[in-house]
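Student: Contents of run15.cif (mmCIF, C-alpha atoms) are given next:
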```cif
data_start
#
loop_
_atom_site.label_atom_id
_atom_site.label_comp_id
_atom_site.auth_asym_id
_atom_site.auth_seq_id
_atom_site.Cartn_x
_atom_site.Cartn_y
_atom_site.Cartn_z
CA MET A 1 -16.14 -3.26 -0.73
CA GLN A 2 -18.98 -4.09 -3.10
CA TRP A 3 -18.23 -0.98 -5.16
CA ILE A 4 -14.52 -1.94 -5.36
CA VAL A 5 -15.36 -5.44 -6.60
CA ARG A 6 -18.11 -4.27 -8.98
CA HIS A 7 -15.79 -1.73 -10.61
CA GLN A 8 -12.71 -4.00 -10.54
CA VAL A 9 -10.56 -1.53 -8.58
CA LYS A 10 -6.99 -2.86 -8.28
CA ILE A 11 -5.46 -0.55 -5.66
CA VAL A 12 -6.94 1.32 -2.69
CA LEU A 13 -4.82 3.92 -0.87
CA HIS A 14 -5.38 4.02 2.88
CA GLY A 15 -4.26 6.70 5.30
CA HIS A 16 -4.37 7.75 8.93
CA MET A 17 -2.88 4.60 10.48
CA HIS A 18 0.64 5.99 11.07
CA GLN A 19 2.06 2.63 9.98
CA PRO A 20 2.91 1.71 6.37
CA PHE A 21 1.41 -1.59 5.23
CA CYS A 22 0.09 -3.54 2.28
CA ALA A 23 -2.63 -6.16 2.19
CA LYS A 24 -4.05 -8.23 -0.62
CA VAL A 25 -7.81 -8.68 -0.25
CA SER A 26 -10.05 -11.12 -2.09
CA ARG A 27 -13.80 -10.42 -2.17
CA SER A 28 -16.81 -11.61 -4.13
CA LEU A 29 -20.30 -10.35 -4.81
CA ASP A 30 -21.69 -13.69 -5.99
CA HIS A 31 -19.57 -16.20 -3.97
CA LYS A 32 -18.31 -17.76 -7.22
CA ASN A 33 -16.01 -15.23 -8.86
CA PHE A 34 -13.53 -13.39 -6.67
CA HIS A 35 -11.78 -10.09 -7.27
CA ASP A 36 -8.37 -9.47 -5.69
CA PHE A 37 -7.23 -5.96 -4.84
CA TRP A 38 -4.52 -4.29 -2.78
CA VAL A 39 -4.90 -1.92 0.15
CA LEU A 40 -1.79 0.25 0.57
CA GLY A 41 -1.11 2.20 3.75
CA ILE A 42 1.25 5.10 3.17
CA GLY A 43 2.05 5.75 6.85
CA SER A 44 2.55 9.26 8.21
CA CYS A 45 4.93 12.00 7.14
CA GLY A 46 4.58 14.50 9.98
CA VAL A 47 3.54 12.80 13.21
CA LYS A 48 5.17 13.04 16.64
CA GLN A 49 7.24 10.02 17.69
CA ASP A 50 4.70 8.79 20.27
CA HIS A 51 1.98 8.52 17.59
CA LEU A 52 3.99 6.42 15.14
CA GLY A 53 3.44 2.68 14.78
CA GLU A 54 5.96 -0.15 14.99
CA ILE A 55 8.26 1.42 12.42
CA GLY A 56 8.85 4.39 14.75
CA LYS A 57 9.61 6.77 11.86
CA ASN A 58 7.69 9.08 9.58
CA THR A 59 7.24 7.69 6.08
CA ILE A 60 6.23 8.65 2.58
CA GLY A 61 4.93 6.38 -0.14
CA LEU A 62 5.82 6.45 -3.81
CA LEU A 63 3.81 4.82 -6.58
CA ARG A 64 5.63 4.12 -9.86
CA PHE A 65 3.41 3.16 -12.77
CA SER A 66 4.42 1.01 -15.71
CA PRO A 67 2.20 -0.67 -18.33
CA ARG A 68 1.89 -3.98 -16.42
CA GLN A 69 2.47 -3.09 -12.77
CA VAL A 70 2.55 -0.45 -10.06
CA THR A 71 5.52 -0.47 -7.70
CA PHE A 72 4.72 0.75 -4.20
CA SER A 73 7.75 1.94 -2.22
CA VAL A 74 7.83 3.20 1.35
CA TYR A 75 10.63 5.54 2.45
CA THR A 76 11.45 6.62 5.99
CA ILE A 77 12.00 10.35 6.32
CA HIS A 78 13.86 12.50 8.83
CA PRO A 79 14.15 16.32 9.13
CA VAL A 80 17.90 16.22 8.42
CA ASP A 81 18.77 12.86 6.78
CA GLU A 82 17.98 11.76 3.22
CA PRO A 83 14.92 9.50 2.76
CA LYS A 84 15.76 5.78 3.01
CA LEU A 85 13.94 2.94 1.27
CA HIS A 86 12.14 0.86 3.91
CA TRP A 87 10.47 -1.66 1.56
CA SER A 88 9.04 -1.93 -1.91
CA ILE A 89 6.60 -4.27 -3.65
CA PRO A 90 5.59 -4.65 -7.31
CA ILE A 91 1.84 -5.04 -7.80
CA PRO A 92 0.95 -6.69 -11.10
CA LEU A 93 -2.06 -5.15 -12.78
CA PHE A 94 -2.98 -8.17 -14.90
CA THR A 95 -1.69 -11.22 -12.98
CA GLU A 96 -1.75 -12.59 -9.46
CA ALA A 97 0.78 -11.08 -7.01
CA SER A 98 2.85 -13.08 -4.56
CA GLY A 99 2.38 -11.00 -1.39
CA CYS A 100 3.69 -8.12 0.67
CA SER A 101 7.36 -7.61 1.37
#
```
Translate this structure into structure tokens?
Tutor:
Amino acid sequence: MQWIVRHQVKIVLHGHMHQPFCAKVSRSLDHKNFHDFWVLGIGSCGVKQDHLGEIGKNTIGLLRFSPRQVTFSVYTIHPVDEPKLHWSIPIPLFTEASGCS
């Protein structure tokens, strides 16, 4: 965490939880100035049903970059059906964000 704050990292990708999620974290090294960053959980794309989290489906994550934000989208996937958007959140790179969808 100290390295993330020291280097002003904005987004951390997290895996191996089998459940897509996003969390905004606020941390400080000096207890005066805080740095906010996002932890994004992509989910799992090839796990058996009994290992999946609450969503109960395999998922993939897509990051779309633009000059002022990154949009994180989670899609459910199935061996036969087309991927379906589960949720999406824009993450501003230079302003405060409102929260996870």
Student: By how many Å are CA of Arg27 in chain A and CA of Trp3 in chain A apart?
Tutor: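 We find that CA of Arg27 in chain A and CA of Trp3 in chain A lie 10.8 Å from each other.
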Student: Residues near Ser73 in chain A, anyone? I mean within 8 Å using all atoms listed in the file, not counting same-chain ones fewer than 3 positions away, as a list of chain:residue names.
Tutor: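 Answer for this query is A:Gly61, A:Leu62, A:Leu63, A:Leu85, A:His86, A:Trp87, A:Ser88, A:Ile89.
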Student: I need the residue nearest Leu29 in chain A from this list: A:Ile77, A:Cys45, A:Val9, A:Ile4. Use all atoms listed in the file for the distance.
Tutor: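 Selected residue with least distance to Leu29 in chain A: A:Ile4.
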Student: Tell me, in Å to one decimal, how far CA of Leu40 in chain A is from CA of Pro20 in chain A.
Tutor: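 Calculated distance between CA of Leu40 in chain A and CA of Pro20 in chain A is 7.6 Å.
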Student: Pick out the residues sitting within 7 Å of Ser26 in chain A, and hand them over as an NGL selection string; count only C-alpha atoms, and ignore anything fewer than 5 positions along from it in its own chain.
Tutor: :A and (34-37)
Student: Using all atoms listed in the file, which of A:Thr76, A:Gln8, A:Gln19, A:Gln69 sits nearest Glu54 in chain A?
Tutor: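 The answer is A:Gln19, which sits nearest to Glu54 in chain A.
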Student: Between A:Lys32, A:Gln2, A:Ile42, A:Arg64, which is the closest to His16 in chain A once you count all atoms listed in the file?
Tutor: A:Ile42
Student: What separation in Å, quoted to one decimal, exists between CA of Lys10 in chain A and CA of Pro67 in chain A?
Tutor: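 These atoms are spaced 13.8 Å apart.
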Student: Could you give me, as an NGL selection string, the residues within 6 Å of Ser44 in chain A, counting all atoms listed in the file and dropping anything in the same chain fewer than 4 positions from it?
Tutor: :A and (18 or 58-59)
Student: Between A:Val47, A:Val5, A:Leu93, A:Ile55, which is the closest to Tyr75 in chain A once you count all atoms listed in the file?
Tutor: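 Checking each of A:Val47, A:Val5, A:Leu93, A:Ile55 against Tyr75 in chain A, counting all atoms listed in the file, the winner is A:Ile55.
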Student: So which one's closest to Val12 in chain A, A:Phe72, A:Asp50, A:Phe94, A:His31? Using only C-alpha atoms, please.
Tutor: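 Closest candidate: A:Phe72.
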Student: Taking all atoms listed in the file into account, which of A:Leu52, A:Ile91, A:Val25, A:Val80 comes nearest Arg68 in chain A?
Tutor: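 Closest residue, counting all atoms listed in the file: A:Ile91.
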Student: Got a sec: who's within 6 Å of Trp38 in chain A, counting all atoms listed in the file, leaving out chain neighbours fewer than 2 positions off, as number ranges by chain?
Tutor: A: 11, 23-24
